[in-house]
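J.: My structure file final_6.tsv, TSV, C-alpha atoms and all ligand atoms, is below:
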```
chain	number	residue	atom	x	y	z
A	1	MET	CA	-7.33	19.62	0.50
A	2	SER	CA	-4.48	21.35	-1.27
A	3	PRO	CA	-3.31	19.25	-4.25
A	4	ALA	CA	0.30	20.38	-3.62
A	5	TRP	CA	0.23	19.16	-0.01
A	6	SER	CA	-1.40	15.91	-1.04
A	7	SER	CA	1.32	15.43	-3.62
A	8	VAL	CA	4.07	16.04	-1.04
A	9	THR	CA	2.66	13.60	1.50
A	10	TRP	CA	2.13	10.99	-1.20
A	11	ASP	CA	5.61	11.29	-2.69
A	12	VAL	CA	7.23	11.26	0.76
A	13	ALA	CA	5.16	8.20	1.71
A	14	ARG	CA	6.22	6.30	-1.41
A	15	ALA	CA	9.87	7.36	-1.35
A	16	GLY	CA	10.06	6.78	2.43
A	17	GLY	CA	8.59	3.28	2.01
A	18	PHE	CA	11.14	2.30	-0.61
A	19	ILE	CA	14.11	3.82	1.26
A	20	ALA	CA	12.99	2.03	4.46
A	21	TYR	CA	12.66	-1.21	2.50
A	22	LEU	CA	16.11	-0.88	0.88
A	23	LEU	CA	17.70	-0.07	4.25
A	24	LEU	CA	15.93	-3.06	5.78
A	25	THR	CA	17.33	-5.22	2.98
A	26	ALA	CA	20.81	-3.78	3.62
A	27	SER	CA	20.47	-4.41	7.36
A	28	VAL	CA	19.42	-8.06	6.88
A	29	ALA	CA	22.16	-8.55	4.26
A	30	ILE	CA	24.87	-7.08	6.53
A	31	GLY	CA	23.59	-9.23	9.42
A	32	LEU	CA	23.85	-12.34	7.26
A	33	ALA	CA	27.31	-11.31	6.03
A	34	VAL	CA	28.43	-10.90	9.67
A	35	SER	CA	27.11	-14.35	10.56
A	36	LEU	CA	28.82	-15.80	7.47
A	37	LYS	CA	32.04	-14.17	8.72
A	38	PHE	CA	32.53	-12.23	5.47
A	39	ARG	CA	35.06	-10.13	7.20
A	40	SER	CA	38.73	-9.42	6.80
A	41	PRO	CA	40.76	-9.09	10.02
A	42	ASN	CA	41.97	-5.76	8.59
A	43	TRP	CA	38.47	-4.25	8.55
A	44	PRO	CA	37.58	-2.04	11.45
A	45	ARG	CA	34.82	-3.39	13.72
A	46	TRP	CA	32.39	-0.63	12.78
A	47	LEU	CA	32.29	-1.99	9.22
A	48	THR	CA	30.31	-4.99	10.42
A	49	SER	CA	28.40	-5.03	13.72
A	50	ASP	CA	28.21	-1.27	14.24
A	51	LEU	CA	27.27	-0.66	10.61
A	52	HIS	CA	24.55	-3.33	10.94
A	53	ARG	CA	23.09	-1.55	13.97
A	54	PHE	CA	23.36	1.89	12.36
A	55	VAL	CA	21.66	0.82	9.10
A	56	THR	CA	18.83	-0.75	11.14
A	57	LEU	CA	18.40	2.50	13.04
A	58	VAL	CA	18.22	4.54	9.81
A	59	ALA	CA	15.71	1.97	8.45
A	60	LEU	CA	13.60	2.66	11.54
A	61	VAL	CA	13.86	6.42	10.99
A	62	PHE	CA	12.65	6.07	7.37
A	63	THR	CA	9.88	3.70	8.49
A	64	GLY	CA	8.80	6.52	10.83
A	65	ILE	CA	8.88	9.08	8.00
A	66	HIS	CA	6.92	6.72	5.73
A	67	THR	CA	4.31	6.04	8.43
A	68	LEU	CA	3.94	9.71	9.31
A	69	ALA	CA	3.50	10.63	5.64
A	70	VAL	CA	0.76	8.02	5.04
A	71	ALA	CA	-0.85	9.08	8.34
A	72	VAL	CA	-1.26	12.69	7.21
A	73	ASP	CA	-1.94	11.97	3.54
A	74	PRO	CA	-5.36	13.48	2.83
A	75	PHE	CA	-6.13	10.95	0.09
A	76	ILE	CA	-6.07	7.92	2.38
A	77	GLY	CA	-7.54	9.84	5.32
A	78	PHE	CA	-6.23	7.55	8.07
A	79	THR	CA	-7.25	7.97	11.71
A	80	PRO	CA	-4.43	7.46	14.30
A	81	ALA	CA	-5.90	4.04	15.24
A	82	GLU	CA	-5.79	2.91	11.60
A	83	VAL	CA	-2.06	3.66	11.47
A	84	LEU	CA	-1.23	2.09	14.84
A	85	VAL	CA	-3.50	-0.96	15.14
A	86	PRO	CA	-3.31	-3.83	12.61
A	87	MET	CA	-6.52	-4.59	10.65
A	88	VAL	CA	-8.29	-1.38	11.66
A	89	SER	CA	-7.36	0.38	8.40
A	90	HIS	CA	-10.17	1.02	5.90
A	91	TYR	CA	-7.47	1.17	3.20
A	92	ARG	CA	-6.06	-2.22	2.10
A	93	PRO	CA	-6.49	-3.55	5.66
A	94	LEU	CA	-4.46	-6.75	5.45
A	95	TRP	CA	-1.54	-5.25	3.55
A	96	VAL	CA	-1.33	-2.20	5.81
A	97	ALA	CA	-1.49	-4.53	8.85
A	98	LEU	CA	1.60	-6.43	7.63
A	99	GLY	CA	3.54	-3.12	7.53
A	100	ILE	CA	2.40	-2.15	11.03
A	101	ILE	CA	3.40	-5.56	12.45
A	102	ALA	CA	6.74	-5.38	10.59
A	103	ALA	CA	7.41	-1.93	12.08
A	104	TYR	CA	6.62	-3.08	15.65
A	105	LEU	CA	8.81	-6.17	15.25
A	106	LEU	CA	11.64	-4.10	13.80
A	107	ILE	CA	11.54	-1.80	16.85
A	108	ALA	CA	11.50	-4.85	19.14
A	109	VAL	CA	14.45	-6.51	17.36
A	110	TYR	CA	16.42	-3.26	17.47
A	111	LEU	CA	15.74	-2.72	21.18
A	112	SER	CA	16.49	-6.37	22.05
A	113	GLU	CA	20.15	-5.47	21.53
A	114	TYR	CA	19.98	-3.49	24.76
A	115	ALA	CA	18.35	-6.40	26.62
A	116	ARG	CA	21.08	-8.81	25.55
A	117	PRO	CA	23.13	-8.67	28.80
A	118	ARG	CA	19.98	-9.60	30.73
A	119	ILE	CA	18.39	-12.25	28.52
A	120	GLY	CA	21.66	-13.88	27.45
A	121	TYR	CA	23.09	-14.50	23.99
A	122	ALA	CA	21.05	-17.64	23.17
A	123	TRP	CA	17.67	-15.97	23.73
A	124	TRP	CA	18.79	-12.75	22.03
A	125	ARG	CA	19.83	-14.75	18.98
A	126	ARG	CA	16.53	-16.65	18.82
A	127	PHE	CA	14.68	-13.36	19.07
A	128	HIS	CA	16.92	-11.87	16.39
A	129	TYR	CA	15.62	-14.42	13.86
A	130	LEU	CA	12.47	-12.29	13.85
A	131	SER	CA	14.39	-9.96	11.50
A	132	PHE	CA	13.59	-12.44	8.71
A	133	VAL	CA	9.92	-12.21	9.61
A	134	VAL	CA	10.21	-8.40	9.43
A	135	PHE	CA	11.79	-8.65	5.98
A	136	VAL	CA	9.13	-11.05	4.68
A	137	LEU	CA	6.26	-8.97	6.13
A	138	ALA	CA	7.71	-5.72	4.73
A	139	THR	CA	8.11	-7.34	1.28
A	140	LEU	CA	4.49	-8.57	1.23
A	141	HIS	CA	3.32	-5.21	2.62
A	142	GLY	CA	5.10	-3.25	-0.12
A	143	LEU	CA	3.99	-5.60	-2.91
A	144	GLY	CA	0.38	-5.80	-1.75
A	145	ASN	CA	-0.03	-2.13	-0.87
A	146	GLY	CA	2.18	-0.16	-3.16
A	147	SER	CA	0.83	1.95	-5.96
A	148	ASP	CA	4.24	1.52	-7.60
A	149	THR	CA	4.33	-2.29	-7.44
A	150	ARG	CA	3.51	-2.69	-11.13
A	151	THR	CA	6.30	-0.39	-12.34
A	152	PRO	CA	9.45	-2.11	-13.66
A	153	TRP	CA	11.72	-0.21	-11.23
A	154	ALA	CA	9.67	-1.28	-8.19
A	155	MET	CA	9.71	-4.90	-9.35
A	156	ALA	CA	13.50	-4.57	-9.77
A	157	VAL	CA	13.78	-3.30	-6.16
A	158	TYR	CA	11.78	-6.23	-4.77
A	159	ALA	CA	13.50	-8.81	-6.99
A	160	GLY	CA	16.97	-7.38	-6.23
A	161	SER	CA	16.30	-7.39	-2.47
A	162	LEU	CA	15.00	-10.95	-2.54
A	163	PHE	CA	17.98	-12.02	-4.65
A	164	VAL	CA	20.55	-10.51	-2.24
A	165	VAL	CA	18.86	-11.72	0.97
A	166	GLY	CA	17.92	-15.09	-0.59
A	167	GLY	CA	21.47	-15.64	-1.90
A	168	LEU	CA	23.13	-14.89	1.44
A	169	LEU	CA	20.53	-16.99	3.26
A	170	ALA	CA	21.25	-19.90	0.90
A	171	LEU	CA	24.95	-19.67	1.82
A	172	ARG	CA	24.02	-19.56	5.49
A	173	LEU	CA	21.60	-22.51	5.35
A	174	TRP	CA	23.65	-24.60	2.94
A	175	PRO	CA	27.35	-23.80	3.57
A	176	GLU	CA	29.85	-25.01	0.98
A	177	ASP	CA	32.02	-26.51	3.70
A	178	PRO	CA	30.56	-30.04	4.22
A	179	ARG	CA	31.74	-29.99	7.86
A	180	ALA	CA	29.55	-26.98	8.60
A	181	ARG	CA	25.98	-27.59	9.78
A	182	ARG	CA	23.36	-27.52	7.02
A	183	HIS	CA	19.67	-26.76	7.46
A	184	PRO	CA	17.83	-28.66	4.69
A	185	MET	CA	14.34	-28.21	6.17
A	186	VAL	CA	14.62	-24.43	6.54
A	187	ALA	CA	16.25	-24.19	3.09
A	188	ALA	CA	13.39	-26.20	1.52
A	189	LEU	CA	10.77	-24.08	3.31
A	190	THR	CA	12.48	-20.89	2.10
A	191	VAL	CA	12.45	-22.10	-1.53
A	192	VAL	CA	8.76	-23.09	-1.25
A	193	GLY	CA	7.99	-19.68	0.32
A	194	LEU	CA	9.80	-17.83	-2.48
A	195	LEU	CA	7.95	-19.80	-5.16
A	196	ALA	CA	4.61	-19.18	-3.43
A	197	ALA	CA	5.37	-15.45	-3.08
A	198	SER	CA	6.33	-15.17	-6.79
A	199	THR	CA	3.15	-16.98	-7.90
A	200	TRP	CA	1.04	-14.76	-5.63
A	201	THR	CA	2.73	-11.59	-6.93
A	202	ILE	CA	2.10	-12.54	-10.56
A	203	ASN	CA	-1.53	-13.52	-9.97
A	204	GLY	CA	-2.28	-10.85	-7.36
A	205	PRO	CA	-0.63	-7.40	-7.18
A	206	LEU	CA	0.49	-7.49	-10.82
A	207	GLN	CA	-3.07	-8.04	-12.08
A	208	PRO	CA	-5.29	-5.07	-13.03
A	209	GLY	CA	-8.13	-5.85	-10.58
A	210	TRP	CA	-5.82	-6.03	-7.55
A	211	ASN	CA	-6.91	-2.74	-6.01
A	212	LEU	CA	-10.43	-4.02	-5.50
A	213	ILE	CA	-9.22	-7.27	-3.94
A	214	ALA	CA	-6.69	-5.46	-1.72
A	215	ASN	CA	-9.33	-3.08	-0.41
A	216	ASN	CA	-11.78	-5.89	0.14
A	217	GLY	CA	-9.43	-8.02	2.16
A	218	HIS	CA	-11.30	-7.12	5.33
A	219	GLY	CA	-15.05	-7.34	4.82
A	220	SER	CA	-16.04	-4.60	2.45
A	221	GLY	CA	-12.64	-2.89	2.76
A	222	ALA	CA	-14.32	0.27	3.92
A	223	ALA	CA	-14.47	1.65	7.42
A	224	PRO	CA	-17.50	0.09	9.17
A	225	GLY	CA	-20.69	1.95	8.48
A	226	VAL	CA	-19.50	4.10	5.62
A	227	VAL	CA	-20.15	1.81	2.66
A	228	SER	CA	-23.81	1.82	3.50
A	229	ALA	CA	-24.03	5.57	2.94
A	230	VAL	CA	-23.72	4.96	-0.79
A	231	GLN	CA	-25.18	1.47	-0.86
A	232	GLY	CA	-28.19	2.45	1.24
A	233	ALA	CA	-28.92	5.38	-1.01
A	234	GLY	CA	-29.12	3.01	-3.95
A	235	GLY	CA	-32.18	1.39	-2.41
A	236	THR	CA	-30.53	-1.47	-0.56
A	237	SER	CA	-30.89	-1.84	3.18
A	238	GLY	CA	-27.16	-1.56	3.85
A	239	GLY	CA	-27.20	-4.80	5.82
A	240	GLY	CA	-28.02	-3.10	9.09
A	241	ALA	CA	-24.83	-1.06	9.14
A	242	SER	CA	-24.98	2.50	10.35
A	243	GLY	CA	-25.14	5.47	7.96
A	244	GLY	CA	-27.41	6.04	4.97
A	245	GLN	CA	-30.57	6.24	7.08
A	246	ALA	CA	-33.81	6.95	5.28
A	247	GLY	CA	-34.35	10.65	4.74
A	248	THR	CA	-30.67	11.62	5.11
A	249	SER	CA	-28.65	12.68	2.08
A	250	PRO	CA	-26.22	9.90	1.12
A	251	PHE	CA	-23.61	12.63	0.66
A	252	ALA	CA	-24.02	14.09	4.16
A	253	SER	CA	-21.63	11.60	5.77
A	254	PRO	CA	-18.36	9.98	4.63
A	255	PHE	CA	-18.69	6.95	2.41
A	256	GLN	CA	-16.56	4.48	0.53
A	257	ALA	CA	-17.54	1.87	-2.01
A	258	SER	CA	-16.05	-0.27	-4.71
A	259	MET	CA	-16.92	0.35	-8.32
A	260	GLN	CA	-16.89	-1.46	-11.61
A	261	GLY	CA	-17.46	-0.16	-15.10
A	262	THR	CA	-15.92	0.74	-18.41
A	263	LEU	CA	-13.72	3.45	-19.85
A	264	THR	CA	-14.36	4.31	-23.49
A	265	GLN	CA	-12.57	6.86	-25.61
A	266	SER	CA	-14.20	8.80	-28.45
A	267	SER	CA	-13.00	7.84	-31.92
A	268	ASP	CA	-11.10	11.13	-32.37
A	269	GLY	CA	-9.48	10.72	-28.92
A	270	SER	CA	-10.76	14.10	-27.71
A	271	SER	CA	-12.80	12.72	-24.82
A	272	ALA	CA	-13.26	9.64	-22.67
A	273	LEU	CA	-16.19	8.39	-20.65
A	274	LEU	CA	-15.93	6.48	-17.40
A	275	ASP	CA	-19.23	4.82	-16.66
A	276	ALA	CA	-19.29	2.75	-13.48
A	277	SER	CA	-21.69	1.28	-10.98
A	278	VAL	CA	-20.74	2.20	-7.42
A	279	GLY	CA	-21.55	0.04	-4.41
A	280	GLN	CA	-25.04	-1.42	-4.80
A	281	GLY	CA	-27.12	0.96	-6.86
A	282	ALA	CA	-25.13	4.20	-7.07
A	283	HIS	CA	-23.62	5.35	-10.33
A	284	LEU	CA	-20.61	7.36	-11.47
A	285	ARG	CA	-20.33	9.07	-14.84
A	286	LEU	CA	-17.16	10.95	-15.58
A	287	VAL	CA	-16.52	12.67	-18.92
A	288	LEU	CA	-12.92	13.68	-19.57
A	289	ASP	CA	-11.91	16.24	-22.22
A	290	LEU	CA	-8.55	15.21	-23.60
A	291	ALA	CA	-5.76	16.91	-25.54
A	292	PRO	CA	-2.56	15.30	-26.88
A	293	GLY	CA	0.21	15.52	-24.22
A	294	ASP	CA	3.92	16.28	-24.82
A	295	ASP	CA	4.89	12.70	-23.98
A	296	GLY	CA	2.61	11.21	-26.64
A	297	GLY	CA	-0.10	10.45	-24.07
A	298	ALA	CA	-3.20	12.51	-23.33
A	299	THR	CA	-3.70	15.45	-20.97
A	300	ILE	CA	-7.02	16.08	-19.24
A	301	THR	CA	-8.20	19.57	-20.12
A	302	GLY	CA	-11.66	19.45	-18.57
A	303	SER	CA	-14.09	17.12	-16.85
A	304	GLN	CA	-17.70	16.70	-15.82
A	305	LEU	CA	-18.52	14.33	-13.01
A	306	SER	CA	-21.88	13.09	-11.92
A	307	LEU	CA	-22.34	10.72	-8.97
A	308	SER	CA	-25.91	9.65	-8.45
A	309	ALA	CA	-27.20	7.74	-5.44
A	310	GLY	CA	-30.94	7.17	-5.28
A	311	THR	CA	-32.64	10.44	-6.20
A	312	GLU	CA	-29.64	12.58	-5.23
A	313	VAL	CA	-27.02	13.65	-7.75
A	314	CYS	CA	-23.67	15.23	-6.96
A	315	GLN	CA	-22.12	17.10	-9.89
A	316	GLY	CA	-18.64	18.48	-10.18
A	317	GLN	CA	-15.21	18.01	-11.71
A	318	ILE	CA	-11.73	16.58	-11.22
A	319	THR	CA	-9.34	18.62	-9.07
A	320	GLY	CA	-6.20	16.53	-9.40
A	321	VAL	CA	-4.83	13.32	-10.91
A	322	ARG	CA	-2.03	11.22	-9.57
A	323	ARG	CA	-1.23	7.94	-11.24
A	324	ASP	CA	-4.27	5.70	-10.62
A	325	ARG	CA	-5.86	8.19	-8.22
A	326	ILE	CA	-8.24	10.99	-9.00
A	327	ALA	CA	-9.30	13.75	-6.63
A	328	ALA	CA	-12.60	15.44	-7.46
A	329	SER	CA	-15.20	17.65	-5.88
A	330	CYS	CA	-18.92	17.86	-6.47
A	331	SER	CA	-22.01	19.44	-4.98
A	332	THR	CA	-25.64	18.42	-4.72
A	333	ALA	CA	-28.67	20.51	-5.70
A	334	ALA	CA	-29.14	21.24	-1.98
A	335	GLY	CA	-25.64	22.78	-1.88
A	336	GLN	CA	-23.85	19.92	-0.08
A	337	ALA	CA	-20.20	19.99	-1.26
A	338	VAL	CA	-18.35	16.67	-1.30
A	339	ASN	CA	-14.67	15.83	-1.76
A	340	LEU	CA	-14.14	12.63	-3.70
A	341	GLN	CA	-11.15	10.33	-4.00
A	342	ILE	CA	-11.32	7.83	-6.81
A	343	GLN	CA	-8.91	4.99	-7.34
A	344	LEU	CA	-8.96	3.23	-10.69
A	345	GLN	CA	-7.43	0.32	-12.44
A	346	VAL	CA	-8.10	0.07	-16.14
A	347	ALA	CA	-7.59	-3.23	-17.97
A	348	GLY	CA	-6.52	-3.45	-21.60
A	349	ASP	CA	-10.11	-4.08	-22.74
A	350	GLY	CA	-11.30	-0.84	-21.06
A	351	SER	CA	-12.95	-2.51	-18.08
A	352	VAL	CA	-12.43	-0.56	-14.89
A	353	THR	CA	-12.29	-1.62	-11.25
A	354	GLY	CA	-11.63	0.62	-8.31
A	355	SER	CA	-13.06	2.40	-5.35
A	356	ILE	CA	-14.54	5.77	-4.55
A	357	ALA	CA	-14.49	7.53	-1.21
A	358	GLY	CA	-16.21	10.76	-0.36
A	359	SER	CA	-16.50	13.11	2.55
A	360	PRO	CA	-18.56	16.26	3.04
A	361	ALA	CA	-16.37	19.31	2.32
A	401	LIG	C1	9.16	-2.04	8.20
A	401	LIG	C2	8.26	-1.13	7.97
A	401	LIG	C3	7.75	-0.71	6.61
A	401	LIG	C4	8.34	-0.80	5.37
A	401	LIG	C5	9.73	-1.32	5.03
A	401	LIG	C6	7.38	-0.29	4.41
A	401	LIG	C7	7.60	-0.23	3.04
A	401	LIG	C8	6.64	0.12	2.11
A	401	LIG	C9	6.81	0.07	0.68
A	401	LIG	C10	8.08	-0.37	-0.03
A	401	LIG	C11	5.64	0.46	0.10
A	401	LIG	C12	5.32	0.55	-1.39
A	401	LIG	C13	5.33	2.00	-1.83
A	401	LIG	C14	4.93	2.17	-3.28
A	401	LIG	O1	4.68	1.20	-4.01
A	401	LIG	O2	4.91	3.33	-3.73
A	401	LIG	C15	4.72	0.76	1.17
A	401	LIG	C16	3.41	1.21	0.99
A	401	LIG	C17	2.56	1.60	2.00
A	401	LIG	N1	2.82	1.52	3.36
A	401	LIG	FE1	4.52	0.85	4.23
A	401	LIG	N2	6.24	0.10	5.08
A	401	LIG	C18	6.42	-0.13	6.42
A	401	LIG	C19	5.53	0.13	7.44
A	401	LIG	C20	4.32	0.77	7.29
A	401	LIG	C21	3.45	1.18	8.37
A	401	LIG	C22	3.77	1.04	9.87
A	401	LIG	C23	2.35	1.76	7.82
A	401	LIG	C24	1.22	2.35	8.61
A	401	LIG	C25	0.04	2.56	8.24
A	401	LIG	C26	2.50	1.68	6.36
A	401	LIG	C27	1.57	2.11	5.41
A	401	LIG	C28	1.71	2.01	4.04
A	401	LIG	C29	0.70	2.41	3.07
A	401	LIG	C30	-0.67	2.99	3.38
A	401	LIG	C31	1.24	2.15	1.81
A	401	LIG	C32	0.55	2.38	0.45
A	401	LIG	C33	1.21	3.49	-0.26
A	401	LIG	C34	0.98	3.32	-1.76
A	401	LIG	O3	-0.13	3.02	-2.19
A	401	LIG	O4	1.95	3.46	-2.49
A	401	LIG	N3	3.72	1.09	6.08
A	401	LIG	N4	5.34	0.54	2.38
```
Show this structure as structure tokens.
T.:
Amino acid sequence: MSPAWSSVTWDVARAGGFIAYLLLTASVAIGLAVSLKFRSPNWPRWLTSDLHRFVTLVALVFTGIHTLAVAVDPFIGFTPAEVLVPMVSHYRPLWVALGIIAAYLLIAVYLSEYARPRIGYAWWRRFHYLSFVVFVLATLHGLGNGSDTRTPWAMAVYAGSLFVVGGLLALRLWPEDPRARRHPMVAALTVVGLLAASTWTINGPLQPGWNLIANNGHGSGAAPGVVSAVQGAGGTSGGGASGGQAGTSPFASPFQASMQGTLTQSSDGSSALLDASVGQGAHLRLVLDLAPGDDGGATITGSQLSLSAGTEVCQGQITGVRRDRIAASCSTAAGQAVNLQIQLQVAGDGSVTGSIAGSPA
């Protein structure tokens, strides 16, 4: 894997996701503004309905770019089915599924415009309410999945979008004009939903251990049969799953497992040690040589990695670091080369949670 290519796909995936989300917010907001008749008779027609349709189309285009970028990103290593079918993903299955469902619904809502003459206005309008479901699913998908969720700017994007859509929705559900129809039940449900989503965000995605929970949302969080490659090598049976058969090197087939451990820094700050148990019985030891960075932080100048599973040890070094993700490569005494992808979350007290995935090079 070329680190430059991996960086491109990753940046395009993240930027594409946020642009798609902002355009989706704009589309829902313009739709609500149209229904609230925020419109001067002097405005041309394209400023409302046509703009609404156009922004939705561009949101779809960026959703496509975002999806394509995550599909080819070598770090995640998706198969086509994982990108297209909800809950098949080995990576954050539930949160990826919400994005896939949101994308399908968005396509359906967009295309329903063309079915309007056939199905009639009333049915089209009922179907169009699914746009709110798309917005809610996309918000939960971004919050639950995103590696940027915990940054202040990402939180500002989500909070700003919810504020704009929530504010317009409040005006729509609870019009100032007392003669207009009010919708107290829907308004109450929306407020409860917003409170529940805020509580979940604070206690879920904003917490350091979230990565582990997000990846474990669907069984082990790993693709079926691959966790056992590492777990089985550690002496456990692997629960009958395929992979990790006796006599086969645990590094000969792809694997993924969660890990837990500690990160400690030497007193002079020149090195750090990540010591973590991986799956059930495997072990990761990663020594980082550090030098002071220009921004006041530390730069990694060297590394020694050792992943042991049973009697086999894979030794190597880091090949790239991106945010909470580390790419590394190692090889066993028998000459089996393995590419590793490590995802880490480090808490203030130095405890580390995360996952490690590997595939034969
Ligand atoms: C309406 C459609 C969608 C919208 C608006 C959307 C938006 C987003 C946003 C805002 C993020 C957070 C990015 C970050 O924090 O850096 C994200 C992450 C992600 N999305 Fe989507 N998404 C959509 C559909 C999809 C689909 C169809 C897939 C297919 C697999 C997908 C896969 C992912 C993945 C894997 C991530 C994690 C990237 C990371 O860790 O940052 N998304 N998405």
J.: Please give me, as a PyMOL selection string, the residues lying within 6 Å of ligand LIG 401 (chain A) when counting all atoms listed in the file.
T.: chain A and resi 14+17-18+20-21+63+67+70+83+96+99-100+102-103+138+142+145-149
J.: Smallest atom-to-atom distance to Leu68 (chain A): which of A:Leu106, A:Leu84, A:Leu94, A:Cys314, using only C-alpha atoms?
T.: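 Among the listed residues, A:Leu84 lies closest to Leu68 (chain A).
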J.: Within 9 Å of Val278 (chain A), counting all atoms listed in the file, which residues show up once you throw out same-chain ones fewer than 6 positions away? Write them as a ChimeraX atom specification, please.
T.: /A:230-231,257-261,284,307,309,355-356
J.: Please, what distance in Å, to one decimal, runs between CA of Thr264 (chain A) and CA of Gly293 (chain A)?
T.: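 Separation of CA of Thr264 (chain A) and CA of Gly293 (chain A): 18.4 Å.
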J.: Give me, as a PyMOL selection string, all polymer residues having an atom no more than 12 Å from Leu173 (chain A), counting all atoms listed in the file and skipping those fewer than 3 positions away in the same chain.
T.: chain A and resi 32+35-36+165-170+176-178+180-191
J.: Would you export the selected residues with C-alpha atoms as a CSV table (one decimal), in the coordinates of the input, please?
T.:
```csv
chain,number,residue,atom,x,y,z
A,32,LEU,CA,23.8,-12.3,7.3
A,35,SER,CA,27.1,-14.4,10.6
A,36,LEU,CA,28.8,-15.8,7.5
A,165,VAL,CA,18.9,-11.7,1.0
A,166,GLY,CA,17.9,-15.1,-0.6
A,167,GLY,CA,21.5,-15.6,-1.9
A,168,LEU,CA,23.1,-14.9,1.4
A,169,LEU,CA,20.5,-17.0,3.3
A,170,ALA,CA,21.2,-19.9,0.9
A,176,GLU,CA,29.8,-25.0,1.0
A,177,ASP,CA,32.0,-26.5,3.7
A,178,PRO,CA,30.6,-30.0,4.2
A,180,ALA,CA,29.6,-27.0,8.6
A,181,ARG,CA,26.0,-27.6,9.8
A,182,ARG,CA,23.4,-27.5,7.0
A,183,HIS,CA,19.7,-26.8,7.5
A,184,PRO,CA,17.8,-28.7,4.7
A,185,MET,CA,14.3,-28.2,6.2
A,186,VAL,CA,14.6,-24.4,6.5
A,187,ALA,CA,16.2,-24.2,3.1
A,188,ALA,CA,13.4,-26.2,1.5
A,189,LEU,CA,10.8,-24.1,3.3
A,190,THR,CA,12.5,-20.9,2.1
A,191,VAL,CA,12.4,-22.1,-1.5
```
J.: Env of Leu105 (chain A): 10 Å cut, atoms = all atoms listed in the file, seq-sep filter 6 positions within chain, self excluded. Answer as a ChimeraX atom specification.
T.: /A:99,111,128,130-131,133-134,137
J.: From (11.2, -5.5, -1.7), in the file's coordinates, out to 7 Å: which residues are reached, counting all atoms listed in the file? Answer as a PyMOL selection string.
T.: chain A and resi 21+139+142+157-159+161-162
J.: Would you output that residue set with C-alpha atoms, as a PDB file, keeping the file's coordinate frame?
T.:
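Saved as part30.pdb:
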```pdb
ATOM      1  CA  TYR A  21      12.660  -1.210   2.500  1.00  0.00           C
ATOM      2  CA  THR A 139       8.110  -7.340   1.280  1.00  0.00           C
ATOM      3  CA  GLY A 142       5.100  -3.250  -0.120  1.00  0.00           C
ATOM      4  CA  VAL A 157      13.780  -3.300  -6.160  1.00  0.00           C
ATOM      5  CA  TYR A 158      11.780  -6.230  -4.770  1.00  0.00           C
ATOM      6  CA  ALA A 159      13.500  -8.810  -6.990  1.00  0.00           C
ATOM      7  CA  SER A 161      16.300  -7.390  -2.470  1.00  0.00           C
ATOM      8  CA  LEU A 162      15.000 -10.950  -2.540  1.00  0.00           C
TER       9      LEU A 162
END
```
J.: Can you work out which one of A:Gln317, A:Thr262, A:Thr201, A:Ser7 has the shortest atom-to-atom distance to Leu288 (chain A), counting all atoms listed in the file?
T.: A:Gln317
J.: So, counting all atoms listed in the file, which residue among A:Leu290, A:Gln256, A:Val136, A:Arg323 is closest to Gly77 (chain A)?
T.: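 Once distances to Gly77 (chain A) are computed over all atoms listed in the file, the minimum belongs to A:Gln256.
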J.: Between A:Gly16, A:Gly31, A:Gly144, A:Gly358, which has the minimum distance to Ser253 (chain A) (counting all atoms listed in the file)?
T.: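 When distances to Ser253 (chain A) are compared using all atoms listed in the file, the smallest one comes from A:Gly358.
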J.: State, in Å with one decimal place, the distance from CA of Gly320 (chain A) to CA of Ala97 (chain A).
T.: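 Result for CA of Gly320 (chain A) versus CA of Ala97 (chain A): 28.3 Å, one decimal.
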J.: What is the distance between CA of Cys330 (chain A) and CA of Leu263 (chain A), in Å to one decimal?
T.: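 Interatomic distance here is 20.3 Å.
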